[in-house]
Amino acid sequence: MANVGINDGRIVKIGDFKPNSSNIIDAQGLIVSPGFIDMHTHIDRGIVKPEGSNVKNYLTQGVTTVVTGNCGSGTWKVNEYFEKLDTLGIGLNVVHLVGHGTIRKAVMGRDDRDPTQEEMIKMNELMAQGMQEGALGLSSGLFYTPGSFSKTDELIELARTVKEFNGLYATHLRDESNYTIGLIASIEEAIEIGEKSGIPVQISHIKALGTPVWNLSDEVCKLIEDAQERGMIVMADQYPYMASSTSLSAAVIPGWVKEGGKSEERLKDSKLIDQIKKEMSENIIRRGGPESLVIVSYSPNHEFDGLSLAEISSVLKMSAVETAMTLVLEGSPSIISFNMNQDDFAYFMKKDYVMTSSDGSVKHPGIGKPHPRNYGTFPHKIKKYVLEDELISMQHAIRAATSLPAKMIGLNDRGQIKEGYIADIVIFNTKTIDGIASFEDPHQYSKGIAHLLIGGQSVIENDQYNGKLVGKTLKMNEYRK
Ligand SMILES: [Zn+2]
């Protein structure tokens with residue numbers, strides 16, 4: 001128990017002193033924690049819009065800093081992106097990653113082949129531009145097209161460029177299941193990319209997806225820990241829910257169908273259809289069957305929102321495969337997929353190198369049934385896994401959301417309550433903290449965040465967001481100085 005003195009945006013004094021200020025927050029009975037840092041988000045698209053720039057669904061979770069550009073999707077035009085955010089005004093601090101998928105698509109389109117020498121040079125130029133303009137590193141989405149069309153060497157080359165700027169490599173693995181090379185080989189690939197280029201590796205949203213790879217968490221962690229013993233920095237992030245969320249297309253349509261952006265043509269090609277259907281059927285089973293794939297939002301018919309593929313196929317009187325194909329072609333919906341196992345999930349969460357992340361985006365209360373992680377990640381983890389299940393300690397949960405990610409990012413004056421540090425602070429109530437968003441009723445802001453300060457300025461006061469936009473864009477070349 002201590003007082004925390006803040007002046008000019010920084011923590012200046014901690015201890016048992018008499019506060020000499022009229023501006024006092026009484027935090028008696030509450031926990032005063034560093035603001036939460038979310039290592040893995042997809043808020044890029046939402047935060048650049050005026051109605052989304054406050055990122056309220058994250059502020060209400062106690063989040064003060066997020067990383068954008070994940071899963072291979074981030075822009076390399078960091079100056080342009082950050083200027084847009086600075087002009088608009090943003091609710092929280094933003095760190096950014098350049099996406100491999102984005103630069104590959106810009107240089108090579110959706111081609112399924114290796115880059116030519118000139119194309120590789122061009123990709124490295126875009127990568128270097130992103131780093132020069134302040135990116136933290138490179139993200140990849142090797143499961144998605146066009147990332148899936150690239151071989152390991154291409155990533156190593158780009159990672160070598162990142163090394164020149166001391167950045168890191170964050171990866172959505174090539175395979176979190178047994179779609180192609182399998183979970184274990186994918187972890188090995190991620191480590192190889194980091195090891196050969198000499199940069200830290202972050203395994204994004206770590207999980208064992210689908211029954212064929214259940215109970216492999218110890219093998220996955222052994223590979224990570226062996227690499228750490230060899231001197232590498234390898235960490236992971238995890239969202240605290242046992243269901244994942246992605247597009248229906250990514251989950252069930254084979255990657256080769258999307259080559260060259262010709263998926264619609266191929267899905268309607270009578271010569272290919274049998275093979276596509278066979279693979280789709282396997283992919284649906286891998287994901288736990290049609291009952292465990294739930295539609296988030298289907299724009300042609302919102303009555304399907306929140307229904308499973310099995311339920312929709314009985315409404316449409318079509319097979320699960322044909323239903324999935326129809327939905328992809330007509331509405332390209334996102335899904336929630338229940339595909340993880342409790343033991344793996346808990347095994348990962350207890351590791352001291354696994355950080356908390358949401359994998360979410362900007363959401364506004366309204367249509368669709370998005371994953372509750374968008375609204376509830378950080379409070380839900382504390383309420384469910386610290387206070388209720390006692391799977392991890394409060395200290396473990398707070399560290400995974402604060403000093404651990406700060407260290408990974410290299411934010412040398414954030415992520416701790418420490419004299420001289422920037423006053424990004426969340427004050428929460430253990431009696432009321434709750435990520436109440438559920439799979440059935442996801443559009444609910446979290447509870448229990450009593451106060452939130454970003455750079456010493458109050459944004460949540462007595463559980464209410466005051467509408468202020470005090471977040472900053474954080475360029476690596478500036479904050480690592
Ligand atoms: Zn991802």
# chains A, B, ... in the order shown; residues from 1 in each chain; ligands from 1
$ closest_atom_pairs --of "chain A" --to "ligand 1" --cutoff "10 Å" --atoms "only C-alpha atoms and all ligand atoms" --output "JSON lines"
{"residue": "A:His40", "atom": "CA", "partner": "ligand 1", "partner_atom_place_in_ligand_line": "1 (Zn)", "distance": 8.4}
{"residue": "A:Thr41", "atom": "CA", "partner": "ligand 1", "partner_atom_place_in_ligand_line": "1 (Zn)", "distance": 8.9}
{"residue": "A:His42", "atom": "CA", "partner": "ligand 1", "partner_atom_place_in_ligand_line": "1 (Zn)", "distance": 8.8}
{"residue": "A:Asn70", "atom": "CA", "partner": "ligand 1", "partner_atom_place_in_ligand_line": "1 (Zn)", "distance": 6.8}
{"residue": "A:Cys71", "atom": "CA", "partner": "ligand 1", "partner_atom_place_in_ligand_line": "1 (Zn)", "distance": 4.6}
{"residue": "A:Gly72", "atom": "CA", "partner": "ligand 1", "partner_atom_place_in_ligand_line": "1 (Zn)", "distance": 8.2}
{"residue": "A:Ser73", "atom": "CA", "partner": "ligand 1", "partner_atom_place_in_ligand_line": "1 (Zn)", "distance": 9.4}
{"residue": "A:Ser139", "atom": "CA", "partner": "ligand 1", "partner_atom_place_in_ligand_line": "1 (Zn)", "distance": 9.6}
{"residue": "A:Ser140", "atom": "CA", "partner": "ligand 1", "partner_atom_place_in_ligand_line": "1 (Zn)", "distance": 8.5}
{"residue": "A:Gly141", "atom": "CA", "partner": "ligand 1", "partner_atom_place_in_ligand_line": "1 (Zn)", "distance": 6.4}
{"residue": "A:Leu142", "atom": "CA", "partner": "ligand 1", "partner_atom_place_in_ligand_line": "1 (Zn)", "distance": 9.2}
{"residue": "A:Phe143", "atom": "CA", "partner": "ligand 1", "partner_atom_place_in_ligand_line": "1 (Zn)", "distance": 8.4}
{"residue": "A:Tyr144", "atom": "CA", "partner": "ligand 1", "partner_atom_place_in_ligand_line": "1 (Zn)", "distance": 8.8}
{"residue": "A:Ala170", "atom": "CA", "partner": "ligand 1", "partner_atom_place_in_ligand_line": "1 (Zn)", "distance": 9.8}
{"residue": "A:Thr171", "atom": "CA", "partner": "ligand 1", "partner_atom_place_in_ligand_line": "1 (Zn)", "distance": 7.7}
{"residue": "A:His172", "atom": "CA", "partner": "ligand 1", "partner_atom_place_in_ligand_line": "1 (Zn)", "distance": 4.8}
{"residue": "A:Leu173", "atom": "CA", "partner": "ligand 1", "partner_atom_place_in_ligand_line": "1 (Zn)", "distance": 8.0}
{"residue": "A:Ile203", "atom": "CA", "partner": "ligand 1", "partner_atom_place_in_ligand_line": "1 (Zn)", "distance": 9.7}
{"residue": "A:Ser204", "atom": "CA", "partner": "ligand 1", "partner_atom_place_in_ligand_line": "1 (Zn)", "distance": 6.4}
{"residue": "A:His205", "atom": "CA", "partner": "ligand 1", "partner_atom_place_in_ligand_line": "1 (Zn)", "distance": 6.7}
{"residue": "A:Ile206", "atom": "CA", "partner": "ligand 1", "partner_atom_place_in_ligand_line": "1 (Zn)", "distance": 9.4}
{"residue": "A:Ser244", "atom": "CA", "partner": "ligand 1", "partner_atom_place_in_ligand_line": "1 (Zn)", "distance": 9.5}
{"residue": "A:Ser245", "atom": "CA", "partner": "ligand 1", "partner_atom_place_in_ligand_line": "1 (Zn)", "distance": 8.9}
{"residue": "A:Thr246", "atom": "CA", "partner": "ligand 1", "partner_atom_place_in_ligand_line": "1 (Zn)", "distance": 7.9}
{"residue": "A:Asp359", "atom": "CA", "partner": "ligand 1", "partner_atom_place_in_ligand_line": "1 (Zn)", "distance": 7.0}
{"residue": "A:Gly360", "atom": "CA", "partner": "ligand 1", "partner_atom_place_in_ligand_line": "1 (Zn)", "distance": 9.8}
$ write_last_selection --atoms "N, CA and C atoms" --output "short mmCIF file (atom, residue, chain, number, x, y, z; two decimals), in the first residue's frame"
data_model
loop_
_atom_site.label_atom_id
_atom_site.label_comp_id
_atom_site.auth_asym_id
_atom_site.auth_seq_id
_atom_site.Cartn_x
_atom_site.Cartn_y
_atom_site.Cartn_z
N HIS A 40 -1.34 -7.73 -29.13
CA HIS A 40 -1.84 -8.26 -30.40
C HIS A 40 -3.27 -7.80 -30.66
N THR A 41 -3.40 -6.75 -31.48
CA THR A 41 -4.75 -6.29 -31.84
C THR A 41 -4.86 -6.10 -33.35
N HIS A 42 -6.09 -5.91 -33.77
CA HIS A 42 -6.40 -5.60 -35.17
C HIS A 42 -7.24 -4.33 -35.23
N ASN A 70 -0.95 -6.54 -36.89
CA ASN A 70 -0.65 -7.96 -36.68
C ASN A 70 -1.11 -8.90 -37.81
N CYS A 71 -0.63 -10.13 -37.72
CA CYS A 71 -1.01 -11.23 -38.63
C CYS A 71 -0.72 -10.90 -40.09
N GLY A 72 0.33 -10.12 -40.31
CA GLY A 72 0.75 -9.84 -41.68
C GLY A 72 0.01 -8.69 -42.33
N SER A 73 -0.84 -8.00 -41.56
CA SER A 73 -1.77 -7.05 -42.19
C SER A 73 -1.39 -5.58 -42.09
N SER A 139 5.29 -8.33 -38.82
CA SER A 139 4.31 -9.36 -38.45
C SER A 139 4.04 -10.22 -39.67
N SER A 140 3.68 -11.48 -39.43
CA SER A 140 3.32 -12.33 -40.56
C SER A 140 2.02 -13.07 -40.24
N GLY A 141 1.34 -13.44 -41.30
CA GLY A 141 0.15 -14.28 -41.19
C GLY A 141 0.31 -15.41 -42.18
N LEU A 142 1.14 -16.37 -41.83
CA LEU A 142 1.53 -17.40 -42.80
C LEU A 142 0.43 -18.42 -43.05
N PHE A 143 -0.62 -18.35 -42.24
CA PHE A 143 -1.79 -19.21 -42.48
C PHE A 143 -2.65 -18.63 -43.59
N TYR A 144 -2.64 -17.30 -43.69
CA TYR A 144 -3.51 -16.61 -44.65
C TYR A 144 -2.81 -16.41 -45.98
N ALA A 170 6.74 -10.93 -35.12
CA ALA A 170 5.52 -11.49 -34.51
C ALA A 170 4.81 -12.30 -35.58
N THR A 171 4.39 -13.51 -35.24
CA THR A 171 3.83 -14.36 -36.29
C THR A 171 2.55 -15.10 -35.93
N HIS A 172 1.59 -14.97 -36.81
CA HIS A 172 0.47 -15.91 -36.83
C HIS A 172 1.02 -17.11 -37.60
N LEU A 173 1.19 -18.21 -36.91
CA LEU A 173 1.89 -19.37 -37.45
C LEU A 173 1.28 -19.85 -38.77
N ILE A 203 5.20 -15.45 -30.71
CA ILE A 203 4.18 -16.33 -31.28
C ILE A 203 2.82 -15.70 -30.97
N SER A 204 2.09 -15.33 -32.01
CA SER A 204 0.81 -14.64 -31.81
C SER A 204 -0.28 -15.63 -31.38
N HIS A 205 -1.17 -15.14 -30.53
CA HIS A 205 -2.33 -15.92 -30.03
C HIS A 205 -2.04 -17.42 -29.98
N ILE A 206 -1.14 -17.79 -29.10
CA ILE A 206 -0.69 -19.19 -29.01
C ILE A 206 -1.86 -20.10 -28.64
N SER A 244 -11.69 -19.38 -30.94
CA SER A 244 -10.97 -18.43 -31.77
C SER A 244 -11.96 -17.73 -32.69
N SER A 245 -11.45 -16.78 -33.46
CA SER A 245 -12.32 -16.10 -34.42
C SER A 245 -11.51 -15.71 -35.64
N THR A 246 -12.06 -16.00 -36.80
CA THR A 246 -11.39 -15.63 -38.04
C THR A 246 -12.47 -15.58 -39.12
N ASP A 359 -6.41 -9.90 -29.63
CA ASP A 359 -6.64 -10.25 -31.03
C ASP A 359 -7.94 -9.59 -31.53
N GLY A 360 -8.35 -8.52 -30.89
CA GLY A 360 -9.64 -7.90 -31.23
C GLY A 360 -9.49 -6.63 -32.04
#
$ residues_around --residues "Asn93 in chain A" --least-positions-apart "2" --cutoff "9 Å" --atoms "only C-alpha atoms" --output "list of chain:residue names"
A:Thr64, A:Thr65, A:Val66, A:Val67, A:Ile90, A:Gly91, A:Val95, A:Ile454, A:Val470, A:Gly471, A:Lys472, A:Thr473, A:Leu474
$ atom_distance --atom1 "CA of Ile409 in chain A" --atom2 "CA of Ile425 in chain A"
17.8 Å
$ closest_residue --among "A:Ser247, A:Ala320, A:Gly368, A:Asn215" --to "His302 in chain A" --atoms "only C-alpha atoms"
A:Gly368
$ residues_around --residues "Val12 in chain A" --least-positions-apart "3" --cutoff "9 Å" --atoms "only C-alpha atoms" --output "PDB file with N, CA, C and O atoms, in the first residue's frame"
ATOM      1  N   VAL A   4       0.938   7.218  -4.772  1.00  0.00           N
ATOM      2  CA  VAL A   4       1.686   7.399  -6.021  1.00  0.00           C
ATOM      3  C   VAL A   4       1.541   8.867  -6.433  1.00  0.00           C
ATOM      4  O   VAL A   4       0.427   9.330  -6.660  1.00  0.00           O
ATOM      5  N   GLY A   5       2.653   9.558  -6.478  1.00  0.00           N
ATOM      6  CA  GLY A   5       2.620  10.974  -6.869  1.00  0.00           C
ATOM      7  C   GLY A   5       2.906  11.125  -8.347  1.00  0.00           C
ATOM      8  O   GLY A   5       3.838  10.521  -8.881  1.00  0.00           O
ATOM      9  N   ILE A   6       2.078  11.907  -9.020  1.00  0.00           N
ATOM     10  CA  ILE A   6       2.247  12.118 -10.460  1.00  0.00           C
ATOM     11  C   ILE A   6       2.416  13.603 -10.739  1.00  0.00           C
ATOM     12  O   ILE A   6       1.676  14.423 -10.206  1.00  0.00           O
ATOM     13  N   ASN A   7       3.394  13.917 -11.561  1.00  0.00           N
ATOM     14  CA  ASN A   7       3.571  15.303 -11.969  1.00  0.00           C
ATOM     15  C   ASN A   7       4.021  15.346 -13.414  1.00  0.00           C
ATOM     16  O   ASN A   7       4.904  14.579 -13.808  1.00  0.00           O
ATOM     17  N   ASP A   8       3.375  16.197 -14.193  1.00  0.00           N
ATOM     18  CA  ASP A   8       3.789  16.397 -15.568  1.00  0.00           C
ATOM     19  C   ASP A   8       3.810  15.091 -16.359  1.00  0.00           C
ATOM     20  O   ASP A   8       4.705  14.852 -17.159  1.00  0.00           O
ATOM     21  N   LYS A 418       6.666   3.012 -11.228  1.00  0.00           N
ATOM     22  CA  LYS A 418       8.053   3.201 -10.821  1.00  0.00           C
ATOM     23  C   LYS A 418       8.403   4.679 -11.001  1.00  0.00           C
ATOM     24  O   LYS A 418       7.948   5.296 -11.980  1.00  0.00           O
ATOM     25  N   GLU A 419       9.172   5.222 -10.114  1.00  0.00           N
ATOM     26  CA  GLU A 419       9.540   6.636 -10.224  1.00  0.00           C
ATOM     27  C   GLU A 419      10.240   6.905 -11.546  1.00  0.00           C
ATOM     28  O   GLU A 419      11.119   6.155 -11.953  1.00  0.00           O
ATOM     29  N   GLY A 420       9.821   7.965 -12.197  1.00  0.00           N
ATOM     30  CA  GLY A 420      10.398   8.335 -13.486  1.00  0.00           C
ATOM     31  C   GLY A 420       9.617   7.773 -14.670  1.00  0.00           C
ATOM     32  O   GLY A 420       9.805   8.215 -15.797  1.00  0.00           O
ATOM     33  N   TYR A 421       8.751   6.792 -14.414  1.00  0.00           N
ATOM     34  CA  TYR A 421       7.981   6.185 -15.505  1.00  0.00           C
ATOM     35  C   TYR A 421       6.784   7.045 -15.898  1.00  0.00           C
ATOM     36  O   TYR A 421       6.253   7.802 -15.086  1.00  0.00           O
TER      37      TYR A 421
END
$ select_by_dssp --residues "range 17-78 of chain A" --states "strand (DSSP E or B)" --output "list in words"
Ile31, Val32, Ser33, Pro34, Phe36, Ile37, Asp38, Val63, Thr64, Thr65, Val66, Val67 and Thr68 of chain A
$ atom_distance --atom1 "CA of Leu307 in chain A" --atom2 "CA of Glu282 in chain A"
20.8 Å
$ select_by_dssp --residues "range 60-300 of chain A" --states "alpha helix (DSSP H)" --output "number ranges by chain"
A: 78-88, 100-108, 117-132, 152-163, 183-197, 217-229, 248-252, 263-267, 273-286
$ residues_around --residues "Tyr385 in chain A" --least-positions-apart "6" --cutoff "10 Å" --atoms "only C-alpha atoms" --output "list in words"
Pro240, Ala346, Met349, Pro379, Leu391, Ile392, Ser393, Met394 and Ala397 of chain A
$ write_last_selection --atoms "C-alpha atoms" --output "CSV table (one decimal), in the first residue's frame"
chain,number,residue,atom,x,y,z
A,240,PRO,CA,-8.2,-15.7,-22.4
A,346,ALA,CA,-4.2,-23.4,-19.0
A,349,MET,CA,-1.5,-19.2,-19.6
A,379,PRO,CA,-11.0,-7.9,-17.0
A,391,LEU,CA,-5.3,-20.8,-12.2
A,392,ILE,CA,-2.8,-17.9,-12.0
A,393,SER,CA,-1.9,-15.3,-9.4
A,394,MET,CA,-2.9,-11.6,-9.6
A,397,ALA,CA,-1.8,-11.7,-14.6
$ residues_around --residues "range 324-332 of chain A" --least-positions-apart "5" --cutoff "9 Å" --atoms "only C-alpha atoms" --output "PDB file with C-alpha atoms, in the first residue's frame"
ATOM      1  CA  SER A 247     -13.111 -15.472 -41.414  1.00  0.00           C
ATOM      2  CA  LEU A 248     -15.154 -18.483 -42.502  1.00  0.00           C
ATOM      3  CA  SER A 249     -13.142 -18.434 -45.716  1.00  0.00           C
ATOM      4  CA  VAL A 252     -12.614 -23.767 -44.339  1.00  0.00           C
ATOM      5  CA  ILE A 253     -11.645 -22.780 -47.908  1.00  0.00           C
ATOM      6  CA  GLU A 264     -14.937 -17.119 -56.700  1.00  0.00           C
ATOM      7  CA  LEU A 267     -15.597 -22.210 -56.238  1.00  0.00           C
ATOM      8  CA  LYS A 277     -15.672 -29.917 -51.195  1.00  0.00           C
ATOM      9  CA  MET A 280     -13.662 -28.169 -46.986  1.00  0.00           C
ATOM     10  CA  SER A 297     -22.260 -11.316 -38.728  1.00  0.00           C
ATOM     11  CA  TYR A 298     -23.775 -12.170 -42.097  1.00  0.00           C
ATOM     12  CA  SER A 299     -24.721  -9.011 -43.970  1.00  0.00           C
ATOM     13  CA  PRO A 300     -27.192 -10.575 -46.485  1.00  0.00           C
ATOM     14  CA  ASN A 301     -29.276 -11.989 -43.603  1.00  0.00           C
ATOM     15  CA  LEU A 309     -23.091 -23.655 -39.469  1.00  0.00           C
ATOM     16  CA  SER A 313     -27.525 -25.650 -42.976  1.00  0.00           C
ATOM     17  CA  SER A 319     -25.078 -29.833 -46.497  1.00  0.00           C
TER      18      SER A 319
END
$ closest_residue --among "A:Gly366, A:Lys351, A:Arg286, A:Pro212" --to "Glu225 in chain A" --atoms "only C-alpha atoms"
A:Lys351
$ closest_residue --among "A:Ala135, A:Val78, A:Leu293, A:Leu126" --to "Leu97 in chain A" --atoms "only C-alpha atoms"
A:Ala135
$ residues_around --residues "Lys468 in chain A" --least-positions-apart "4" --cutoff "12 Å" --atoms "only C-alpha atoms" --output "MDAnalysis selection string"
chainID A and resid 53:56 59 89:92 452:454 457:461 464
$ atom_distance --atom1 "CA of Asp389 in chain A" --atom2 "CA of Ser337 in chain A"
23.2 Å
$ closest_residue --among "A:Ile433, A:Ile47, A:Ile181, A:Met232" --to "Lys384 in chain A" --atoms "only C-alpha atoms"
A:Ile433
$ residues_around --residues "Gly182 in chain A" --least-positions-apart "2" --cutoff "12 Å" --atoms "only C-alpha atoms" --output "mmCIF file with N, CA and C atoms, in the first residue's frame"
data_model
loop_
_atom_site.group_PDB
_atom_site.id
_atom_site.type_symbol
_atom_site.label_atom_id
_atom_site.label_comp_id
_atom_site.auth_asym_id
_atom_site.auth_seq_id
_atom_site.Cartn_x
_atom_site.Cartn_y
_atom_site.Cartn_z
ATOM 1 N N PHE A 143 -0.619 -18.350 -42.241
ATOM 2 C CA PHE A 143 -1.789 -19.206 -42.479
ATOM 3 C C PHE A 143 -2.652 -18.631 -43.588
ATOM 4 N N LEU A 173 1.186 -18.212 -36.909
ATOM 5 C CA LEU A 173 1.885 -19.370 -37.450
ATOM 6 C C LEU A 173 1.285 -19.850 -38.771
ATOM 7 N N ARG A 174 2.128 -20.525 -39.538
ATOM 8 C CA ARG A 174 1.673 -21.117 -40.793
ATOM 9 C C ARG A 174 0.529 -22.100 -40.544
ATOM 10 N N ASP A 175 0.592 -22.768 -39.410
ATOM 11 C CA ASP A 175 -0.430 -23.773 -39.115
ATOM 12 C C ASP A 175 -0.550 -23.957 -37.597
ATOM 13 N N GLU A 176 -1.690 -23.579 -37.033
ATOM 14 C CA GLU A 176 -1.918 -23.779 -35.595
ATOM 15 C C GLU A 176 -2.595 -25.118 -35.350
ATOM 16 N N SER A 177 -2.780 -25.884 -36.433
ATOM 17 C CA SER A 177 -3.520 -27.132 -36.343
ATOM 18 C C SER A 177 -2.766 -28.203 -37.120
ATOM 19 N N ASN A 178 -3.475 -28.952 -37.990
ATOM 20 C CA ASN A 178 -2.791 -29.882 -38.887
ATOM 21 C C ASN A 178 -3.278 -29.692 -40.323
ATOM 22 N N TYR A 179 -3.514 -28.430 -40.677
ATOM 23 C CA TYR A 179 -3.930 -28.113 -42.047
ATOM 24 C C TYR A 179 -2.829 -28.467 -43.058
ATOM 25 N N THR A 180 -1.601 -28.031 -42.780
ATOM 26 C CA THR A 180 -0.516 -28.216 -43.766
ATOM 27 C C THR A 180 0.718 -28.836 -43.110
ATOM 28 N N ILE A 184 3.677 -28.119 -34.725
ATOM 29 C CA ILE A 184 5.062 -28.212 -34.227
ATOM 30 C C ILE A 184 6.052 -27.655 -35.254
ATOM 31 N N ALA A 185 5.886 -28.059 -36.517
ATOM 32 C CA ALA A 185 6.790 -27.544 -37.562
ATOM 33 C C ALA A 185 6.632 -26.028 -37.712
ATOM 34 N N SER A 186 5.446 -25.521 -37.437
ATOM 35 C CA SER A 186 5.225 -24.076 -37.550
ATOM 36 C C SER A 186 5.946 -23.304 -36.445
ATOM 37 N N ILE A 187 5.953 -23.887 -35.243
ATOM 38 C CA ILE A 187 6.707 -23.265 -34.140
ATOM 39 C C ILE A 187 8.196 -23.283 -34.498
ATOM 40 N N GLU A 188 8.637 -24.425 -35.042
ATOM 41 C CA GLU A 188 10.056 -24.535 -35.436
ATOM 42 C C GLU A 188 10.403 -23.494 -36.494
ATOM 43 N N GLU A 189 9.489 -23.282 -37.435
ATOM 44 C CA GLU A 189 9.739 -22.290 -38.488
ATOM 45 C C GLU A 189 9.874 -20.882 -37.886
ATOM 46 N N ALA A 208 -3.451 -24.538 -29.446
ATOM 47 C CA ALA A 208 -3.427 -25.794 -30.198
ATOM 48 C C ALA A 208 -4.833 -25.953 -30.755
ATOM 49 N N LEU A 209 -4.988 -25.660 -32.052
ATOM 50 C CA LEU A 209 -6.301 -25.523 -32.669
ATOM 51 C C LEU A 209 -6.792 -26.835 -33.271
ATOM 52 N N GLY A 210 -7.805 -27.400 -32.651
ATOM 53 C CA GLY A 210 -8.421 -28.612 -33.204
ATOM 54 C C GLY A 210 -7.907 -29.888 -32.557
ATOM 55 N N PRO A 212 -6.818 -32.754 -33.564
ATOM 56 C CA PRO A 212 -5.590 -33.465 -33.963
ATOM 57 C C PRO A 212 -4.325 -32.946 -33.274
ATOM 58 N N VAL A 213 -4.350 -31.703 -32.788
ATOM 59 C CA VAL A 213 -3.133 -31.175 -32.143
ATOM 60 C C VAL A 213 -3.328 -30.912 -30.647
ATOM 61 N N TRP A 214 -4.447 -31.356 -30.097
ATOM 62 C CA TRP A 214 -4.641 -31.184 -28.660
ATOM 63 C C TRP A 214 -3.558 -31.920 -27.883
ATOM 64 N N LEU A 216 -0.600 -30.915 -27.297
ATOM 65 C CA LEU A 216 0.773 -30.667 -27.771
ATOM 66 C C LEU A 216 1.382 -29.434 -27.099
ATOM 67 N N VAL A 220 5.128 -27.775 -27.627
ATOM 68 C CA VAL A 220 5.288 -26.410 -28.141
ATOM 69 C C VAL A 220 6.168 -25.597 -27.188
#
$ closest_residue --among "A:Gly288, A:Gly46, A:Gly415, A:Gly260" --to "Ala400 in chain A" --atoms "only C-alpha atoms"
A:Gly415
$ closest_residue --among "A:Arg480, A:Lys475, A:Arg414, A:Lys18" --to "Ser33 in chain A" --atoms "only C-alpha atoms"
A:Arg414
